[in-house]
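The structure appears right after this line, and notes come after that.
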Amino acid sequence: MTGVSQATVSLVLNGRADADVRIAPETRERVLKAIRSTGYVADPIARRLASRHNRILGVFTYESVFPAGLGDFYHPFLVGIEECAERVGCDLLLLTSAPVVDGRRRIFHQDNRLRLADGCVLLGRSLDPTELARLLAEGLPFVSVGRRDDAGGPVPYVGADYPGATAAQVRAAKELGHERMVYVGQGEGPESHADRWTGFRSEADGAHVTEVDLDKVLRSRPTCVFVEEYADGVALMRQAEDAGLRVPEDLSFVALGDPTRPAVTDRELTGFRIPRRAMGWQAVEVLMDLLEGRPGERQRLLPCEPVRGATLAVARA
């Protein structure tokens with residue numbers, strides 16, 4: 001159709017950087033016109049065999065991201081992933097065929113389709129360290145949304161700076177005269193929980209309560225309660241008000257992140273927001289650096305946004 005060689009068509013079709021130098025503009029336009037007129041699309045499998053990349057990025061979620069109870073929490077991550085993938089010209093493949101074992105999906109199984117994608121973004125509150133170790137050992141490109149501990153080697157991730165954000169909230173409470181503080185949450189298990197506890201302990205010697213129980217929280221006579229989970233803070237506020245306490249005049253509350261499950265309240269809790277959209281976006285950036293062999297940070301922690309809210313006040317004697 002164009003009267004040019006197959007090599008010339010290949011240079012134009014694949015967008016080679018040296019095509020503009022080696023091919024005359026009128027020849028390049030003639031090839032592009034032929035491509036448009038025929039509706040030709042390169043075979044992604046053949047392209048992958050030739051270049052080892054087919055511009056498809058996988059997204060693997062350890063938990064379901066679409067139920068109403070969790071959709072609001074995961075949605076900004078997915079928005080960031082989608083927007084950056086569009087910017088770099090990649091398609092997304094949501095990997096959902098993995099079987100659920102003990103309530104969680106597993107990456108590696110007999111029908112594993114992970115290798116259909118050039119690389120993968122992993123999303124979930126906790127990731128299996130044995131699977132992370134295998135991904136690293138087999139050299140499969142991936143990036144975790146959320147900080148992860150080493151798993152036989154450094155794990156590429158884009159996470160939130162929970163220690164720094166939590167420590168800043170403790171300092172803000174201290175400036176308002178709060179000396180007796182309680183931390184409500186696990187403080188262990190997933191890295192996001194452990195990191196919050198680390199930030200709290202770096203600035204306070206407050207008590208640690210793992211149950212959402214007002215009686216246990218009040219045993220140390222706190223003036224301020226820090227909650228790992230936003231919804232737990234809402235529940236404790238209701239218990240406190242039912243017991244005749246005023247929030248925040250008698251008892252202040254600080255939430256260490258966004259709601260991960262439904263939490264209805266007419267007051268915004270003081271605390272911080274997780275940079276979820278930016279984490280998703282930058283996870284794709286790091287993955288593209290890995291795939292294209294570019295230098296750059298493979299582990300990033302992003303600052304959280306403070307929320308003034310309406311649940312932190314000057315401490316009462």
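Naming works like this for the structure tokens: A, B, ... for the chains as they're shown, residue 1 at the start of each chain, ligands 1 onward in shown order.
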
Practice task
Give me the residues within 8 Å of A:Pro141 as a ChimeraX atom specification, counting only C-alpha atoms and dropping any in the same chain fewer than 3 places off.
Solution key: /A:118-120,135-136,287,290-291

Selection from above, N, CA and C atoms, as an mmCIF file, in the first residue's frame, can you write it?
```cif
data_model
loop_
_atom_site.group_PDB
_atom_site.id
_atom_site.type_symbol
_atom_site.label_atom_id
_atom_site.label_comp_id
_atom_site.auth_asym_id
_atom_site.auth_seq_id
_atom_site.Cartn_x
_atom_site.Cartn_y
_atom_site.Cartn_z
ATOM 1 N N ASP A 118 2.817 -6.873 31.929
ATOM 2 C CA ASP A 118 4.238 -6.549 32.022
ATOM 3 C C ASP A 118 4.700 -6.512 33.471
ATOM 4 N N GLY A 119 3.846 -6.018 34.347
ATOM 5 C CA GLY A 119 4.130 -5.909 35.770
ATOM 6 C C GLY A 119 2.822 -5.741 36.505
ATOM 7 N N CYS A 120 2.881 -5.651 37.818
ATOM 8 C CA CYS A 120 1.643 -5.669 38.592
ATOM 9 C C CYS A 120 1.704 -4.689 39.762
ATOM 10 N N LEU A 135 7.744 -13.356 44.385
ATOM 11 C CA LEU A 135 7.766 -12.364 43.304
ATOM 12 C C LEU A 135 9.173 -11.802 43.121
ATOM 13 N N LEU A 136 9.833 -11.492 44.237
ATOM 14 C CA LEU A 136 11.190 -10.964 44.164
ATOM 15 C C LEU A 136 12.159 -12.007 43.616
ATOM 16 N N LEU A 287 6.395 1.412 38.972
ATOM 17 C CA LEU A 287 6.356 0.196 38.160
ATOM 18 C C LEU A 287 6.921 0.458 36.770
ATOM 19 N N LEU A 290 10.619 0.529 36.880
ATOM 20 C CA LEU A 290 11.165 -0.828 36.949
ATOM 21 C C LEU A 290 11.159 -1.490 35.573
ATOM 22 N N LEU A 291 10.051 -1.368 34.860
ATOM 23 C CA LEU A 291 9.911 -2.028 33.569
ATOM 24 C C LEU A 291 10.869 -1.464 32.534
#
```

Exercise for the section: Find the residues around stretch 129-131 of chain A up to 12 Å (only C-alpha atoms counted), leave out those fewer than 6 positions away in its own chain, and share them as a VMD selection string. Expected result: chain A and resid 62 105 to 109 122 137 to 138 140 142 144 148 to 155 189 to 191

Practice task
Can you check which residues of stretch 52-169 of chain A DSSP gives as helix (DSSP H, G or I) on the backbone and send them as a ChimeraX atom specification?
Solution key: /A:68-87,114-116,129-137,162-169

May I have the residues within 12 Å of A:Glu285 as a CSV table (one decimal) with N, CA and C atoms, in the first residue's frame, using only C-alpha atoms and disregarding those fewer than 5 positions away in the same chain?
```
chain,number,residue,atom,x,y,z
A,57,LEU,N,-0.7,-3.4,32.4
A,57,LEU,CA,-0.3,-3.5,33.8
A,57,LEU,C,-1.4,-4.2,34.5
A,80,GLY,N,-6.2,6.8,41.0
A,80,GLY,CA,-4.8,7.2,40.7
A,80,GLY,C,-4.1,6.2,39.8
A,81,ILE,N,-4.4,4.9,40.0
A,81,ILE,CA,-3.8,3.9,39.2
A,81,ILE,C,-4.3,4.1,37.7
A,82,GLU,N,-5.6,4.2,37.6
A,82,GLU,CA,-6.1,4.4,36.2
A,82,GLU,C,-5.6,5.6,35.5
A,83,GLU,N,-5.6,6.8,36.2
A,83,GLU,CA,-5.1,8.0,35.6
A,83,GLU,C,-3.7,8.0,35.2
A,84,CYS,N,-2.8,7.4,36.0
A,84,CYS,CA,-1.4,7.3,35.6
A,84,CYS,C,-1.2,6.3,34.5
A,85,ALA,N,-1.9,5.2,34.5
A,85,ALA,CA,-1.9,4.2,33.4
A,85,ALA,C,-2.3,4.9,32.1
A,86,GLU,N,-3.3,5.7,32.1
A,86,GLU,CA,-3.7,6.4,30.9
A,86,GLU,C,-2.7,7.3,30.5
A,87,ARG,N,-2.0,8.0,31.4
A,87,ARG,CA,-1.0,9.0,31.1
A,87,ARG,C,0.2,8.3,30.4
A,88,VAL,N,0.6,7.1,30.8
A,88,VAL,CA,1.7,6.5,30.2
A,88,VAL,C,1.4,5.5,29.1
A,89,GLY,N,0.1,5.5,28.7
A,89,GLY,CA,-0.3,4.7,27.5
A,89,GLY,C,-0.4,3.3,27.8
A,90,CYS,N,-0.8,2.8,29.0
A,90,CYS,CA,-1.0,1.4,29.3
A,90,CYS,C,-2.4,1.0,29.6
A,119,GLY,N,3.8,-6.0,34.3
A,119,GLY,CA,4.1,-5.9,35.8
A,119,GLY,C,2.8,-5.7,36.5
A,120,CYS,N,2.9,-5.7,37.8
A,120,CYS,CA,1.6,-5.7,38.6
A,120,CYS,C,1.7,-4.7,39.8
A,121,VAL,N,0.6,-4.0,40.0
A,121,VAL,CA,0.4,-3.2,41.2
A,121,VAL,C,-0.4,-4.1,42.2
A,142,PHE,N,6.8,-5.7,40.2
A,142,PHE,CA,5.6,-5.4,40.9
A,142,PHE,C,5.9,-4.2,41.9
A,143,VAL,N,4.8,-3.5,42.3
A,143,VAL,CA,4.9,-2.5,43.3
A,143,VAL,C,3.7,-2.6,44.2
A,144,SER,N,4.0,-2.5,45.5
A,144,SER,CA,2.9,-2.5,46.4
A,144,SER,C,2.4,-1.1,46.7
A,145,VAL,N,1.0,-1.0,46.8
A,145,VAL,CA,0.4,0.2,47.4
A,145,VAL,C,0.4,0.1,48.9
A,156,PRO,N,9.4,-3.1,46.5
A,156,PRO,CA,9.1,-1.8,45.9
A,156,PRO,C,7.7,-1.4,46.4
A,157,TYR,N,7.5,-0.2,46.9
A,157,TYR,CA,6.2,0.3,47.4
A,157,TYR,C,6.1,1.8,47.3
A,158,VAL,N,4.8,2.2,47.4
A,158,VAL,CA,4.5,3.6,47.6
A,158,VAL,C,3.5,3.6,48.7
A,278,ALA,N,-2.8,9.7,45.2
A,278,ALA,CA,-1.4,9.9,44.8
A,278,ALA,C,-0.6,8.6,45.0
A,279,MET,N,-1.0,7.8,46.0
A,279,MET,CA,-0.3,6.5,46.2
A,279,MET,C,-0.5,5.6,45.0
A,280,GLY,N,-1.8,5.6,44.5
A,280,GLY,CA,-2.1,4.7,43.3
A,280,GLY,C,-1.3,5.2,42.1
A,290,LEU,N,10.6,0.5,36.9
A,290,LEU,CA,11.2,-0.8,36.9
A,290,LEU,C,11.2,-1.5,35.6
A,291,LEU,N,10.1,-1.4,34.9
A,291,LEU,CA,9.9,-2.0,33.6
A,291,LEU,C,10.9,-1.5,32.5
A,292,GLU,N,11.1,-0.2,32.6
A,292,GLU,CA,11.9,0.5,31.6
A,292,GLU,C,13.4,0.7,32.0
A,294,ARG,N,14.7,2.5,34.4
A,294,ARG,CA,15.1,3.8,34.8
A,294,ARG,C,15.5,3.9,36.2
A,295,PRO,N,16.4,4.8,36.6
A,295,PRO,CA,16.7,4.9,38.0
A,295,PRO,C,15.6,5.7,38.7
A,296,GLY,N,15.6,5.5,40.0
A,296,GLY,CA,14.5,6.3,40.8
A,296,GLY,C,14.3,5.5,42.1
A,297,GLU,N,13.5,6.2,43.0
A,297,GLU,CA,13.2,5.6,44.3
A,297,GLU,C,12.2,4.4,44.1
A,298,ARG,N,12.6,3.3,44.6
A,298,ARG,CA,11.7,2.1,44.6
A,298,ARG,C,10.8,2.0,45.8
A,299,GLN,N,11.1,2.8,46.8
A,299,GLN,CA,10.3,2.9,48.0
A,299,GLN,C,10.0,4.3,48.4
A,300,ARG,N,8.7,4.7,48.3
A,300,ARG,CA,8.3,6.1,48.6
A,300,ARG,C,7.3,6.1,49.7
```

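Non-sequential neighbours of A:Leu312 (distance at most 9 Å, separation of 2 or more positions within a chain, only C-alpha atoms) are A:Ala173, A:Leu176, A:Cys224, A:Val247, A:Pro248, A:Glu249, A:Leu251, A:Ser252, A:Phe253, A:Val254, A:Leu269, A:Thr270, A:Gly271, A:Arg308, A:Gly309, A:Ala310, A:Val314, A:Ala315.
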
Problem - Residue neighbourhood stretch 196-212 of chain A, 8 Å, only C-alpha atoms, exclusion window fewer than 6 positions, as a count of residues only - result: 23

Practice task
Could you give me, as a PyMOL selection string, each residue of stretch 136-267 of chain A that DSSP assigns to strand (DSSP E or B) when run on this structure's backbone?
Solution key: chain A and resi 142-145+157-160+181-184+207-209+224-227+252-255

Handout entry: 12 Å contact set for A:Thr27, only C-alpha atoms, chain neighbours under 2 positions out, as a list of chain:residue names
Key = A:Met1, A:Thr2, A:Gly3, A:Val4, A:Ser5, A:Thr8, A:Val9, A:Leu11, A:Val12, A:Ala19, A:Asp20, A:Val21, A:Arg22, A:Ile23, A:Ala24, A:Pro25, A:Glu29, A:Arg30, A:Val31, A:Leu32, A:Lys33, A:Ala34

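For the residues A:Pro306, A:Gly177, A:Gly146, A:Gly293, ranking by smallest atom-to-atom distance to A:Phe77 using only C-alpha atoms places A:Gly146 first.
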
Exercise for the section: In Å, rounded to a single decimal, give me how far atom CA of A:Arg277 is from atom CA of A:Thr260. Expected result: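 We find that atom CA of A:Thr260 and atom CA of A:Arg277 lie 15.0 Å from each other.
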
Problem - Atomic separation - atom CA of A:Val59 relative to atom CA of A:Val79, Å - result: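 Pair atom CA of A:Val79 / atom CA of A:Val59 returns 12.2 Å.
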
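Here the question is which of A:Ala255, A:Pro222, A:Gln282, A:Thr61 gets nearest to A:Asp128 using only C-alpha atoms, and that residue is A:Thr61.
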
Problem - For A:Arg238, the nearest of the candidates A:Arg219, A:Thr96, A:Asp258, A:Thr265, counting only C-alpha atoms - result: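 That would be A:Thr265, the residue with the smallest distance to A:Arg238.
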
Fill in the blank from the handout: In Å and to one decimal, atom CA of A:Leu92 is distant from atom CA of A:Ala160 by 23.3 Å
